[in-house]
Amino acid sequence: MMRVSNPVEGITVYDDVFCLEDRTDIYEAMFKINYGIGWKDHFYGAEKFLHSTWGADAWDDASLGHLDPNHFINFLRFSKPFAEFENRNLFKTVVNLTTSSDTNEGHSHRNQDVLLYYANPEWKKEWQGETFFLDPLGKEVIYTSLYVPNRMIRFDGNIVHRFNTQSRSAPKFRFSISTFFEKKESPEEKPKTSENTPEITFRNIS
């Protein structure tokens, strides 16, 4: 049974999201993806990671039945955490493959909400690989999520965060899947428009 907790404001943690068979299929799918080099998590950083990006068109294909049933997107879209984002614009899904030699800077995803999933089926605490969530200045850690297999984290993309790469004793590859959604405006945040001004919705697929 899935367990849900809210360690700090803006962060929700879901544990035991998928059954054993589904989480195994997701992990196996990580090895069938074509990864590219050159991902920059921060616009002025020099970081380059192995990653694979899937735009909103891939999600449309999944909803139309054009993707393999065992494609990892099909597992994600039917999960309970993703159901909470129904009718929300989806920007992209990024699969990150990291090794012990990678580094990561603190960064944020302005005006987006994020669902992060840890895809490795086995992980020990001493292998590190944590995700750190920081204060607005990026100096103090406000919450640390251990890399717990089958854990999904929903968080406000405005929160500064970074991941810790795995130790040398850990598995060679650390897989994580991040999906980015348009942030839902609250009524008090939504700008007022005149009766004669049409409201325009933009969909960003980048």
# chains A, B, ... in the order shown; residues from 1 in each chain; ligands from 1
call {"tool": "closest_atom_pairs", "arguments": {"of": "range 45-148 of chain A", "to": "range 30-39 of chain A", "cutoff": "6 Å", "atoms": "only C-alpha atoms", "output": "CSV"}}
result
residue,atom,partner,partner_atom,distance
A:Lys48,CA,A:Gly38,CA,4.6
A:Phe49,CA,A:Trp39,CA,5.2
A:Leu50,CA,A:Ile37,CA,4.9
A:His51,CA,A:Tyr35,CA,5.1
A:Ser52,CA,A:Tyr35,CA,4.9
call {"tool": "residues_around", "arguments": {"residues": "Thr98 in chain A", "least_positions_apart": "5", "cutoff": "10 Å", "atoms": "only C-alpha atoms", "output": "list in words"}}
result
Lys48, Phe49, Leu50, His51, Thr103, Asn104, Gly129, Phe163, Asn164, Thr165, Gln166, Lys172, Phe173, Arg174, Phe175 and Ser176 of chain A
call {"tool": "residues_around", "arguments": {"residues": "Val13 in chain A", "least_positions_apart": "2", "cutoff": "9 Å", "atoms": "only C-alpha atoms", "output": "list in words"}}
result
Arg3, Val4, Ser5, Asn6, Pro7, Ile11, Asp15, Ser145, Arg151, Met152, Ile153, Arg154 and Phe155 of chain A
call {"tool": "residues_around", "arguments": {"residues": "range 55-67 of chain A", "least_positions_apart": "3", "cutoff": "12 Å", "atoms": "only C-alpha atoms", "output": "PyMOL selection string"}}
result
chain A and resi 52+70-78+88-95+178-182+203-206
call {"tool": "write_last_selection", "arguments": {"atoms": "C-alpha atoms", "output": "CSV table (one decimal), in the first residue's frame"}}
result
chain,number,residue,atom,x,y,z
A,52,SER,CA,16.8,11.2,-22.2
A,70,ASN,CA,5.6,-1.6,-21.1
A,71,HIS,CA,7.0,1.8,-21.9
A,72,PHE,CA,7.8,3.5,-18.6
A,73,ILE,CA,5.5,6.5,-19.4
A,74,ASN,CA,2.5,4.1,-19.3
A,75,PHE,CA,3.4,3.1,-15.8
A,76,LEU,CA,3.8,6.7,-14.7
A,77,ARG,CA,0.6,8.0,-16.2
A,78,PHE,CA,-1.5,5.4,-14.4
A,88,ARG,CA,-2.4,20.1,-16.0
A,89,ASN,CA,-0.1,21.0,-18.9
A,90,LEU,CA,2.9,18.7,-19.0
A,91,PHE,CA,6.2,20.1,-20.3
A,92,LYS,CA,8.5,17.1,-20.5
A,93,THR,CA,9.8,14.0,-18.7
A,94,VAL,CA,13.6,13.6,-18.3
A,95,VAL,CA,15.3,10.3,-17.4
A,178,SER,CA,11.5,13.7,-13.5
A,179,THR,CA,8.3,15.0,-15.0
A,180,PHE,CA,7.6,18.8,-15.2
A,181,PHE,CA,4.2,20.3,-15.1
A,182,GLU,CA,2.8,23.8,-15.4
A,203,ARG,CA,1.8,25.3,-23.8
A,204,ASN,CA,5.5,24.9,-23.6
A,205,ILE,CA,7.0,21.7,-24.9
A,206,SER,CA,10.8,22.1,-24.4
